[in-house]
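File shown: my_file-v1.pdb (PDB, C-alpha atoms).
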```
ATOM      1  CA  MET X  22      49.624 -48.303 -28.223
ATOM      2  CA  PRO X  23      47.244 -46.332 -30.439
ATOM      3  CA  GLN X  24      45.872 -43.101 -29.027
ATOM      4  CA  ILE X  25      43.029 -43.879 -26.602
ATOM      5  CA  ASP X  26      40.047 -41.588 -26.783
ATOM      6  CA  ALA X  27      39.009 -41.140 -23.170
ATOM      7  CA  GLN X  28      35.261 -41.170 -23.683
ATOM      8  CA  ASP X  29      35.416 -44.042 -26.201
ATOM      9  CA  PHE X  30      37.242 -46.116 -23.603
ATOM     10  CA  ILE X  31      34.502 -45.663 -20.984
ATOM     11  CA  ASN X  32      31.674 -45.973 -23.512
ATOM     12  CA  ALA X  33      33.048 -49.351 -24.589
ATOM     13  CA  LEU X  34      32.589 -50.671 -21.025
ATOM     14  CA  PRO X  35      28.867 -50.768 -20.133
ATOM     15  CA  PHE X  36      29.514 -51.163 -16.404
ATOM     16  CA  ALA X  37      32.012 -48.280 -16.299
ATOM     17  CA  ARG X  38      29.338 -46.184 -18.000
ATOM     18  CA  ALA X  39      26.685 -47.418 -15.520
ATOM     19  CA  LEU X  40      28.849 -46.169 -12.627
ATOM     20  CA  GLY X  41      29.445 -42.861 -14.430
ATOM     21  CA  MET X  42      33.229 -43.247 -14.639
ATOM     22  CA  ARG X  43      35.385 -40.650 -16.380
ATOM     23  CA  LEU X  44      38.874 -41.381 -17.701
ATOM     24  CA  ASP X  45      40.910 -38.349 -16.618
ATOM     25  CA  GLN X  46      44.405 -39.376 -17.718
ATOM     26  CA  ILE X  47      46.082 -42.324 -19.371
ATOM     27  CA  GLY X  48      49.482 -43.202 -20.810
ATOM     28  CA  GLU X  49      52.699 -45.206 -20.394
ATOM     29  CA  GLY X  50      51.296 -47.601 -17.806
ATOM     30  CA  HIS X  51      49.472 -44.989 -15.737
ATOM     31  CA  ALA X  52      45.768 -44.157 -15.560
ATOM     32  CA  GLN X  53      43.422 -41.974 -13.549
ATOM     33  CA  ILE X  54      39.658 -42.605 -13.474
ATOM     34  CA  SER X  55      37.043 -40.878 -11.311
ATOM     35  CA  MET X  56      33.355 -41.202 -10.492
ATOM     36  CA  ASP X  57      30.731 -39.171  -8.641
ATOM     37  CA  TRP X  58      29.113 -40.253  -5.393
ATOM     38  CA  ASP X  59      25.601 -41.514  -6.164
ATOM     39  CA  ALA X  60      22.824 -42.607  -3.770
ATOM     40  CA  ARG X  61      22.372 -45.794  -5.841
ATOM     41  CA  PHE X  62      25.945 -46.898  -5.024
ATOM     42  CA  VAL X  63      25.551 -46.620  -1.227
ATOM     43  CA  GLY X  64      26.501 -49.706   0.799
ATOM     44  CA  ASP X  65      25.448 -48.679   4.289
ATOM     45  CA  PRO X  66      22.260 -46.583   4.403
ATOM     46  CA  ALA X  67      22.980 -45.505   7.990
ATOM     47  CA  THR X  68      26.063 -43.588   6.871
ATOM     48  CA  GLY X  69      25.513 -42.950   3.139
ATOM     49  CA  VAL X  70      28.970 -44.348   2.478
ATOM     50  CA  ILE X  71      29.520 -45.806  -0.984
ATOM     51  CA  HIS X  72      29.799 -49.634  -1.153
ATOM     52  CA  GLY X  73      33.300 -51.107  -1.199
ATOM     53  CA  GLY X  74      32.332 -52.997  -4.335
ATOM     54  CA  ALA X  75      31.845 -49.745  -6.263
ATOM     55  CA  VAL X  76      35.288 -48.533  -5.169
ATOM     56  CA  SER X  77      36.641 -51.936  -6.165
ATOM     57  CA  ALA X  78      35.053 -51.636  -9.636
ATOM     58  CA  LEU X  79      36.682 -48.214 -10.048
ATOM     59  CA  MET X  80      40.116 -49.558  -9.008
ATOM     60  CA  ASP X  81      39.782 -52.620 -11.252
ATOM     61  CA  THR X  82      38.845 -50.511 -14.283
ATOM     62  CA  CYS X  83      41.678 -48.094 -13.559
ATOM     63  CA  GLY X  84      44.166 -50.979 -13.146
ATOM     64  CA  GLY X  85      43.064 -52.477 -16.458
ATOM     65  CA  ALA X  86      43.409 -49.093 -18.172
ATOM     66  CA  ALA X  87      46.944 -48.698 -16.785
ATOM     67  CA  VAL X  88      47.918 -52.113 -18.198
ATOM     68  CA  LEU X  89      46.381 -51.318 -21.611
ATOM     69  CA  SER X  90      48.393 -48.107 -21.782
ATOM     70  CA  TYR X  91      51.684 -49.944 -21.132
ATOM     71  CA  PRO X  92      53.818 -49.954 -24.289
ATOM     72  CA  GLY X  93      53.168 -53.074 -26.372
ATOM     73  CA  ALA X  94      49.909 -54.086 -24.629
ATOM     74  CA  LEU X  95      47.136 -55.599 -26.719
ATOM     75  CA  GLY X  96      44.662 -56.766 -24.072
ATOM     76  CA  THR X  97      44.291 -57.605 -20.401
ATOM     77  CA  ALA X  98      42.090 -59.274 -17.772
ATOM     78  CA  THR X  99      42.293 -59.230 -13.988
ATOM     79  CA  ILE X 100      43.892 -62.336 -12.416
ATOM     80  CA  ASP X 101      43.540 -61.153  -8.832
ATOM     81  CA  LEU X 102      42.960 -57.904  -7.006
ATOM     82  CA  ARG X 103      43.312 -57.113  -3.324
ATOM     83  CA  ILE X 104      41.737 -53.966  -1.924
ATOM     84  CA  ASP X 105      42.543 -52.494   1.481
ATOM     85  CA  TYR X 106      39.918 -50.084   2.762
ATOM     86  CA  MET X 107      41.625 -47.421   4.861
ATOM     87  CA  ARG X 108      38.594 -45.268   5.650
ATOM     88  CA  ALA X 109      35.020 -44.564   4.541
ATOM     89  CA  ALA X 110      34.761 -42.300   1.498
ATOM     90  CA  THR X 111      32.948 -39.079   2.449
ATOM     91  CA  PRO X 112      29.359 -39.160   1.114
ATOM     92  CA  GLY X 113      28.764 -36.671  -1.690
ATOM     93  CA  GLN X 114      32.413 -36.438  -2.723
ATOM     94  CA  ARG X 115      33.888 -37.555  -6.057
ATOM     95  CA  ILE X 116      36.192 -40.595  -5.879
ATOM     96  CA  THR X 117      39.370 -40.690  -7.945
ATOM     97  CA  ALA X 118      41.550 -43.752  -8.560
ATOM     98  CA  ARG X 119      45.108 -43.706  -9.840
ATOM     99  CA  ALA X 120      46.766 -46.905 -11.024
ATOM    100  CA  GLU X 121      50.281 -47.727 -12.083
ATOM    101  CA  CYS X 122      51.389 -50.788 -14.004
ATOM    102  CA  TYR X 123      54.855 -50.958 -12.428
ATOM    103  CA  HIS X 124      56.176 -54.172 -13.924
ATOM    104  CA  VAL X 125      55.357 -56.537 -16.768
ATOM    105  CA  THR X 126      56.683 -59.949 -17.724
ATOM    106  CA  ARG X 127      55.963 -61.741 -21.003
ATOM    107  CA  ARG X 128      52.470 -62.682 -19.827
ATOM    108  CA  VAL X 129      51.749 -60.874 -16.549
ATOM    109  CA  ALA X 130      51.320 -57.218 -15.508
ATOM    110  CA  PHE X 131      51.645 -56.055 -11.894
ATOM    111  CA  VAL X 132      49.543 -53.110 -10.787
ATOM    112  CA  ARG X 133      49.073 -50.944  -7.720
ATOM    113  CA  ALA X 134      46.384 -48.354  -7.249
ATOM    114  CA  THR X 135      45.155 -45.743  -4.787
ATOM    115  CA  ALA X 136      41.711 -44.172  -4.422
ATOM    116  CA  HIS X 137      40.854 -40.937  -2.641
ATOM    117  CA  ASP X 138      37.923 -38.570  -2.297
ATOM    118  CA  GLU X 139      38.258 -34.764  -2.264
ATOM    119  CA  ASP X 140      40.773 -35.081   0.580
ATOM    120  CA  SER X 141      43.622 -36.262  -1.609
ATOM    121  CA  ALA X 142      46.084 -36.520   1.290
ATOM    122  CA  ASN X 143      44.221 -39.434   2.935
ATOM    123  CA  PRO X 144      43.560 -42.436   0.695
ATOM    124  CA  VAL X 145      40.181 -44.167   0.904
ATOM    125  CA  ALA X 146      41.625 -47.440  -0.380
ATOM    126  CA  THR X 147      44.714 -48.979  -1.907
ATOM    127  CA  ALA X 148      44.880 -51.992  -4.187
ATOM    128  CA  SER X 149      47.399 -54.329  -5.704
ATOM    129  CA  GLY X 150      46.813 -56.944  -8.337
ATOM    130  CA  ALA X 151      48.070 -59.105 -11.163
ATOM    131  CA  PHE X 152      46.603 -58.810 -14.657
ATOM    132  CA  THR X 153      47.110 -60.905 -17.774
ATOM    133  CA  PHE X 154      49.338 -59.148 -20.307
ATOM    134  CA  ASP X 155      48.623 -59.855 -23.950
ATOM    135  CA  ARG X 156      51.397 -58.257 -25.975
ATOM    136  CA  LYS X 157      52.419 -57.864 -29.566
ATOM    137  CA  GLU X 158      54.642 -60.850 -30.377
ATOM    138  CA  GLN X 159      58.242 -59.861 -30.909
ATOM    139  CA  PRO X 160      59.461 -60.767 -34.421
TER
ATOM    140  CA  MET J  25       5.815 -78.891  25.766
ATOM    141  CA  LYS J  26       5.307 -75.682  23.827
ATOM    142  CA  ALA J  27       3.730 -76.181  20.377
ATOM    143  CA  PRO J  28       6.232 -75.494  17.576
ATOM    144  CA  GLU J  29       5.804 -72.234  15.683
ATOM    145  CA  PRO J  30       3.720 -72.826  12.494
ATOM    146  CA  VAL J  31       5.976 -73.326   9.464
ATOM    147  CA  GLN J  32       4.495 -70.454   7.431
ATOM    148  CA  GLN J  33       5.070 -68.096  10.334
ATOM    149  CA  VAL J  34       8.709 -69.200  10.632
ATOM    150  CA  LYS J  35       9.285 -68.704   6.896
ATOM    151  CA  HIS J  36       7.567 -65.338   6.865
ATOM    152  CA  ARG J  37       9.608 -64.092   9.806
ATOM    153  CA  ARG J  38      12.913 -65.203   8.287
ATOM    154  CA  ASP J  39      12.094 -63.990   4.786
ATOM    155  CA  SER J  40      10.937 -60.566   5.916
ATOM    156  CA  ALA J  41      14.065 -60.104   8.050
ATOM    157  CA  LEU J  42      16.239 -61.067   5.050
ATOM    158  CA  ALA J  43      14.286 -58.766   2.714
ATOM    159  CA  THR J  44      14.768 -55.879   5.156
ATOM    160  CA  LEU J  45      18.490 -56.537   5.428
ATOM    161  CA  VAL J  46      19.056 -56.766   1.656
ATOM    162  CA  GLY J  47      16.586 -54.020   0.778
ATOM    163  CA  ALA J  48      18.523 -51.563   2.924
ATOM    164  CA  VAL J  49      21.625 -51.787   0.694
ATOM    165  CA  PRO J  50      21.051 -49.537  -2.355
ATOM    166  CA  TYR J  51      24.088 -50.880  -4.236
ATOM    167  CA  ALA J  52      22.756 -54.471  -4.041
ATOM    168  CA  GLY J  53      19.551 -53.203  -5.681
ATOM    169  CA  PHE J  54      21.525 -51.259  -8.308
ATOM    170  CA  LEU J  55      23.277 -54.491  -9.356
ATOM    171  CA  GLY J  56      20.007 -56.479  -9.133
ATOM    172  CA  ILE J  57      21.339 -58.932  -6.522
ATOM    173  CA  GLN J  58      18.740 -61.196  -4.877
ATOM    174  CA  PHE J  59      19.049 -63.753  -2.068
ATOM    175  CA  GLU J  60      17.469 -67.190  -1.830
ATOM    176  CA  ARG J  61      17.171 -68.794   1.594
ATOM    177  CA  HIS J  62      16.947 -72.421   2.690
ATOM    178  CA  GLY J  63      16.893 -72.544   6.467
ATOM    179  CA  ASP J  64      19.795 -70.309   7.408
ATOM    180  CA  GLU J  65      21.704 -70.979   4.159
ATOM    181  CA  LEU J  66      21.808 -68.082   1.707
ATOM    182  CA  THR J  67      22.541 -68.151  -2.011
ATOM    183  CA  ALA J  68      23.078 -64.830  -3.738
ATOM    184  CA  VAL J  69      21.805 -64.521  -7.307
ATOM    185  CA  LEU J  70      23.023 -61.969  -9.844
ATOM    186  CA  PRO J  71      20.636 -62.012 -12.821
ATOM    187  CA  TYR J  72      22.433 -61.105 -16.032
ATOM    188  CA  SER J  73      21.877 -57.648 -17.469
ATOM    189  CA  GLU J  74      23.637 -55.774 -20.270
ATOM    190  CA  LYS J  75      24.945 -53.020 -17.978
ATOM    191  CA  LEU J  76      27.083 -55.565 -16.072
ATOM    192  CA  ILE J  77      29.346 -56.124 -19.086
ATOM    193  CA  GLY J  78      32.987 -55.033 -18.904
ATOM    194  CA  ASN J  79      34.338 -56.477 -22.125
ATOM    195  CA  PRO J  80      31.749 -56.185 -24.911
ATOM    196  CA  ILE J  81      33.886 -58.109 -27.435
ATOM    197  CA  LEU J  82      33.997 -61.414 -25.523
ATOM    198  CA  PRO J  83      31.437 -60.486 -23.958
ATOM    199  CA  ALA J  84      32.318 -60.817 -20.268
ATOM    200  CA  ILE J  85      30.943 -59.518 -16.968
ATOM    201  CA  HIS J  86      33.034 -56.633 -15.561
ATOM    202  CA  GLY J  87      35.594 -57.660 -12.919
ATOM    203  CA  GLY J  88      34.251 -54.882 -10.712
ATOM    204  CA  VAL J  89      30.754 -56.379 -10.903
ATOM    205  CA  ILE J  90      32.147 -59.747  -9.818
ATOM    206  CA  ALA J  91      34.085 -58.166  -6.927
ATOM    207  CA  SER J  92      30.967 -56.213  -5.916
ATOM    208  CA  PHE J  93      28.741 -59.316  -6.100
ATOM    209  CA  LEU J  94      31.152 -61.275  -3.882
ATOM    210  CA  GLU J  95      31.535 -58.441  -1.373
ATOM    211  CA  VAL J  96      27.767 -57.890  -1.118
ATOM    212  CA  THR J  97      27.334 -61.658  -0.586
ATOM    213  CA  ALA J  98      29.985 -61.688   2.159
ATOM    214  CA  ILE J  99      28.494 -58.711   4.022
ATOM    215  CA  ILE J 100      24.903 -60.008   3.855
ATOM    216  CA  GLU J 101      25.960 -63.514   4.961
ATOM    217  CA  LEU J 102      27.977 -62.098   7.847
ATOM    218  CA  SER J 103      25.114 -59.819   8.942
ATOM    219  CA  TRP J 104      22.618 -62.679   8.589
ATOM    220  CA  ALA J 105      24.783 -64.956  10.747
ATOM    221  CA  MET J 106      25.171 -62.153  13.294
ATOM    222  CA  LEU J 107      21.391 -61.556  13.528
ATOM    223  CA  TRP J 108      20.166 -65.169  13.224
ATOM    224  CA  ASP J 109      20.176 -66.079  16.921
ATOM    225  CA  GLU J 110      18.465 -62.840  17.902
ATOM    226  CA  LEU J 111      15.782 -63.355  15.235
ATOM    227  CA  GLU J 112      15.219 -67.004  16.137
ATOM    228  CA  SER J 113      14.958 -66.311  19.859
ATOM    229  CA  GLY J 114      12.513 -63.463  19.263
ATOM    230  CA  ARG J 115      14.810 -60.877  20.882
ATOM    231  CA  LEU J 116      14.781 -59.144  17.496
ATOM    232  CA  THR J 117      11.706 -58.969  15.253
ATOM    233  CA  PRO J 118      11.723 -58.118  11.537
ATOM    234  CA  GLU J 119       9.562 -55.077  12.379
ATOM    235  CA  ALA J 120      12.016 -53.786  14.993
ATOM    236  CA  MET J 121      14.800 -54.421  12.515
ATOM    237  CA  ALA J 122      13.066 -52.393   9.784
ATOM    238  CA  ASP J 123      12.565 -49.467  12.205
ATOM    239  CA  ASN J 124      16.146 -49.532  13.392
ATOM    240  CA  LEU J 125      18.391 -51.034  10.739
ATOM    241  CA  PRO J 126      21.348 -53.005  12.090
ATOM    242  CA  ARG J 127      24.805 -51.568  11.501
ATOM    243  CA  LEU J 128      26.672 -53.574   8.876
ATOM    244  CA  PRO J 129      30.168 -55.061   9.097
ATOM    245  CA  LYS J 130      32.851 -52.859   7.500
ATOM    246  CA  THR J 131      35.257 -54.306   4.977
ATOM    247  CA  ILE J 132      38.900 -54.156   6.062
ATOM    248  CA  ASP J 133      40.294 -55.886   2.983
ATOM    249  CA  PHE J 134      38.935 -57.985   0.153
ATOM    250  CA  THR J 135      40.887 -60.186  -2.281
ATOM    251  CA  VAL J 136      39.265 -61.563  -5.412
ATOM    252  CA  ASP J 137      40.585 -64.412  -7.579
ATOM    253  CA  TYR J 138      39.241 -64.291 -11.107
ATOM    254  CA  LEU J 139      39.253 -67.949 -12.143
ATOM    255  CA  ARG J 140      37.278 -67.831 -15.384
ATOM    256  CA  THR J 141      35.586 -65.294 -17.598
ATOM    257  CA  GLY J 142      32.178 -64.239 -16.266
ATOM    258  CA  LEU J 143      29.777 -65.225 -19.047
ATOM    259  CA  PRO J 144      26.711 -63.182 -19.990
ATOM    260  CA  ARG J 145      24.314 -65.236 -17.882
ATOM    261  CA  ASP J 146      23.124 -65.454 -14.257
ATOM    262  CA  ALA J 147      25.689 -65.949 -11.492
ATOM    263  CA  TYR J 148      25.380 -67.424  -8.006
ATOM    264  CA  ALA J 149      27.458 -67.073  -4.840
ATOM    265  CA  ARG J 150      27.671 -68.484  -1.357
ATOM    266  CA  ALA J 151      29.742 -67.178   1.522
ATOM    267  CA  ARG J 152      31.205 -69.101   4.448
ATOM    268  CA  VAL J 153      32.092 -67.357   7.679
ATOM    269  CA  ASN J 154      35.380 -68.993   8.646
ATOM    270  CA  ARG J 155      35.874 -66.999  11.788
ATOM    271  CA  SER J 156      33.638 -64.473  13.478
ATOM    272  CA  GLY J 157      34.891 -62.915  16.667
ATOM    273  CA  ARG J 158      33.570 -59.993  18.632
ATOM    274  CA  ARG J 159      35.552 -57.509  16.566
ATOM    275  CA  TYR J 160      36.891 -59.204  13.435
ATOM    276  CA  ALA J 161      35.585 -61.740  10.950
ATOM    277  CA  SER J 162      37.058 -63.685   8.044
ATOM    278  CA  VAL J 163      34.749 -64.723   5.204
ATOM    279  CA  HIS J 164      35.301 -66.796   2.054
ATOM    280  CA  VAL J 165      32.985 -66.497  -0.951
ATOM    281  CA  GLU J 166      32.604 -68.739  -3.986
ATOM    282  CA  ALA J 167      30.787 -67.822  -7.199
ATOM    283  CA  TRP J 168      29.702 -69.952 -10.133
ATOM    284  CA  GLN J 169      27.465 -69.792 -13.172
ATOM    285  CA  ASP J 170      26.424 -73.087 -14.781
ATOM    286  CA  ASN J 171      28.210 -75.658 -12.626
ATOM    287  CA  ARG J 172      28.572 -75.398  -8.882
ATOM    288  CA  ALA J 173      31.918 -77.244  -9.127
ATOM    289  CA  ARG J 174      33.366 -74.847 -11.739
ATOM    290  CA  LEU J 175      33.878 -71.612  -9.818
ATOM    291  CA  PHE J 176      34.411 -68.502 -11.915
ATOM    292  CA  ALA J 177      35.555 -66.384  -8.967
ATOM    293  CA  GLN J 178      36.327 -66.680  -5.279
ATOM    294  CA  ALA J 179      37.256 -64.153  -2.636
ATOM    295  CA  THR J 180      38.405 -63.813   0.954
ATOM    296  CA  GLY J 181      37.699 -60.745   3.025
ATOM    297  CA  HIS J 182      38.227 -59.453   6.532
ATOM    298  CA  PHE J 183      35.593 -57.366   8.258
ATOM    299  CA  LEU J 184      35.233 -55.176  11.310
ATOM    300  CA  MET J 185      32.087 -56.230  13.196
ATOM    301  CA  PRO J 186      29.593 -53.619  14.424
ATOM    302  CA  GLN J 187      29.233 -53.511  18.203
ATOM    303  CA  ARG J 188      25.783 -54.890  19.131
ATOM    304  CA  LYS J 189      23.958 -53.905  22.286
ATOM    305  CA  ASN J 190      22.139 -56.408  24.527
ATOM    306  CA  VAL J 191      23.561 -59.491  22.875
TER
END
```

Encoded form (structure tokens):
Amino acid sequence: MPQIDAQDFINALPFARALGMRLDQIGEGHAQISMDWDARFVGDPATGVIHGGAVSALMDTCGGAAVLSYPGALGTATIDLRIDYMRAATPGQRITARAECYHVTRRVAFVRATAHDEDSANPVATASGAFTFDRKEQP
Amino acid sequence: MKAPEPVQQVKHRRDSALATLVGAVPYAGFLGIQFERHGDELTAVLPYSEKLIGNPILPAIHGGVIASFLEVTAIIELSWAMLWDELESGRLTPEAMADNLPRLPKTIDFTVDYLRTGLPRDAYARARVNRSGRRYASVHVEAWQDNRARLFAQATGHFLMPQRKNV
């Protein structure tokens, strides 16, 4: 696919921009996107832990980016996404998601993703999903 | 026979408890999510705003917004169902609740089906608690925009329930 400018990619997605996401790496079916902890994204005020939905938005964006970077991809949309929450993300710490598009068919891309905070050895959440795969038609 | 509680008092008590519950979740406010109540039935409303867009070409609401909307709806519904009996019996008052916010259920897993593109207009969601035990709960959520029968997303999630004292 054409070279993706990291900041252009995020700027084109108003909600990714609203959550302050940063595209760290992308290419060949892999992507890494991160975002800062922010008081506005908190789900449980008693703990200051970020809402699962914000982590989900990060994983979904990262999954979509991984699919778009797969050779031959033209466009994508999420069909389904399952998130498993392993532990609460530590308040104040940056959250990083890594996604891999590990298989594509003519029309479908399969993705798995992991999110962690500054303790990269213990994931905060994992995800797996199916995305539509719009590809360049073979001649 | 005891005289029934005046209707305005009942509504005020329920509405202020709901407002306290929802108002305590910053992320719900960030997305602009509101809740409408009829008796104990809740409908979540997500008013459209430009920042919710994920695909500006279509344009379509971001999948992460939809997942967030459904998860917020599930957690509020589950908390509401958990607190309802205490609020109705008077064991818990909205004032006591505001002073000592209830612990919220924690999401174990959440699976979203994206059925149709989320259009740039308001969205609605309702959650159904299919099973709520002492420790675990299973909740299904449906979301629509123009037609209640044409869902644009649905989700199922499992939650770890907070341990409540004196219940």

Residues picked by the PyMOL selection byres ((chain X and resi 129) around 8) here, as a compact mmCIF listing (two decimals) with C-alpha atoms, in the frame of the given file?
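Result written to expr-v1.txt:
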```
# COMPACT_ATOMS: atom_id res chain seq x y z
CA VAL X 125 55.36 -56.54 -16.77
CA THR X 126 56.68 -59.95 -17.72
CA ARG X 127 55.96 -61.74 -21.00
CA ARG X 128 52.47 -62.68 -19.83
CA ALA X 130 51.32 -57.22 -15.51
CA PHE X 131 51.64 -56.06 -11.89
CA ALA X 151 48.07 -59.10 -11.16
CA PHE X 152 46.60 -58.81 -14.66
CA THR X 153 47.11 -60.90 -17.77
CA PHE X 154 49.34 -59.15 -20.31
```

### Query
Which residues match the ChimeraX specification (/J :<9) & /X in the file above, as JSON, numbers by chain?
{"X": [33, 34, 35, 36, 37, 38, 39, 60, 61, 62, 63, 64, 65, 66, 67, 71, 72, 73, 74, 75, 76, 77, 78, 79, 80, 81, 82, 98, 99, 100, 101, 102, 103, 104, 105, 106, 107, 108]}

### Selection result for the PyMOL selection byres ((chain J and resi 103) around 10) on this file, as a PyMOL selection string
chain J and resi 42+45-46+97-102+104-108+126-129+185-186

### Task
Report the distance between CA of Arg145 (chain J) and CA of Thr97 (chain X) in Å, rounded to one decimal place.
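One can read the CA of Arg145 (chain J) to CA of Thr97 (chain X) distance as 21.5 Å.
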
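For the pair CA of Tyr123 (chain X) and CA of Phe176 (chain J), the separation is 26.9 Å.
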
Completion step: region 55-71 of chain X with N, CA and C atoms as an mmCIF file, in the frame of the given file:
```cif
data_model
loop_
_atom_site.group_PDB
_atom_site.id
_atom_site.type_symbol
_atom_site.label_atom_id
_atom_site.label_comp_id
_atom_site.auth_asym_id
_atom_site.auth_seq_id
_atom_site.Cartn_x
_atom_site.Cartn_y
_atom_site.Cartn_z
ATOM 1 N N SER X 55 37.818 -41.377 -12.459
ATOM 2 C CA SER X 55 37.043 -40.878 -11.311
ATOM 3 C C SER X 55 35.551 -41.101 -11.522
ATOM 4 N N MET X 56 34.819 -41.064 -10.433
ATOM 5 C CA MET X 56 33.355 -41.202 -10.492
ATOM 6 C C MET X 56 32.700 -40.406 -9.374
ATOM 7 N N ASP X 57 31.474 -39.933 -9.640
ATOM 8 C CA ASP X 57 30.731 -39.171 -8.641
ATOM 9 C C ASP X 57 30.116 -40.095 -7.597
ATOM 10 N N TRP X 58 29.936 -39.579 -6.404
ATOM 11 C CA TRP X 58 29.113 -40.253 -5.393
ATOM 12 C C TRP X 58 27.688 -40.304 -5.945
ATOM 13 N N ASP X 59 26.970 -41.373 -5.670
ATOM 14 C CA ASP X 59 25.601 -41.514 -6.164
ATOM 15 C C ASP X 59 24.834 -42.342 -5.128
ATOM 16 N N ALA X 60 23.619 -41.917 -4.791
ATOM 17 C CA ALA X 60 22.824 -42.607 -3.770
ATOM 18 C C ALA X 60 22.610 -44.081 -4.119
ATOM 19 N N ARG X 61 22.597 -44.407 -5.418
ATOM 20 C CA ARG X 61 22.372 -45.794 -5.841
ATOM 21 C C ARG X 61 23.562 -46.703 -5.513
ATOM 22 N N PHE X 62 24.729 -46.102 -5.266
ATOM 23 C CA PHE X 62 25.945 -46.898 -5.024
ATOM 24 C C PHE X 62 26.234 -47.067 -3.530
ATOM 25 N N VAL X 63 25.316 -46.587 -2.675
ATOM 26 C CA VAL X 63 25.551 -46.620 -1.227
ATOM 27 C C VAL X 63 25.513 -48.056 -0.704
ATOM 28 N N GLY X 64 26.430 -48.371 0.220
ATOM 29 C CA GLY X 64 26.501 -49.706 0.799
ATOM 30 C C GLY X 64 25.860 -49.766 2.164
ATOM 31 N N ASP X 65 25.990 -48.702 2.935
ATOM 32 C CA ASP X 65 25.448 -48.679 4.289
ATOM 33 C C ASP X 65 24.534 -47.464 4.421
ATOM 34 N N PRO X 66 23.206 -47.707 4.413
ATOM 35 C CA PRO X 66 22.260 -46.583 4.403
ATOM 36 C C PRO X 66 22.353 -45.711 5.650
ATOM 37 N N ALA X 67 22.886 -46.285 6.752
ATOM 38 C CA ALA X 67 22.980 -45.505 7.990
ATOM 39 C C ALA X 67 24.007 -44.387 7.852
ATOM 40 N N THR X 68 24.985 -44.569 6.992
ATOM 41 C CA THR X 68 26.063 -43.588 6.871
ATOM 42 C C THR X 68 26.091 -42.906 5.513
ATOM 43 N N GLY X 69 25.454 -43.509 4.490
ATOM 44 C CA GLY X 69 25.513 -42.950 3.139
ATOM 45 C C GLY X 69 26.840 -43.203 2.452
ATOM 46 N N VAL X 70 27.651 -44.067 3.056
ATOM 47 C CA VAL X 70 28.970 -44.348 2.478
ATOM 48 C C VAL X 70 28.813 -45.299 1.292
ATOM 49 N N ILE X 71 29.569 -45.011 0.239
ATOM 50 C CA ILE X 71 29.520 -45.806 -0.984
ATOM 51 C C ILE X 71 30.015 -47.234 -0.700
#
```
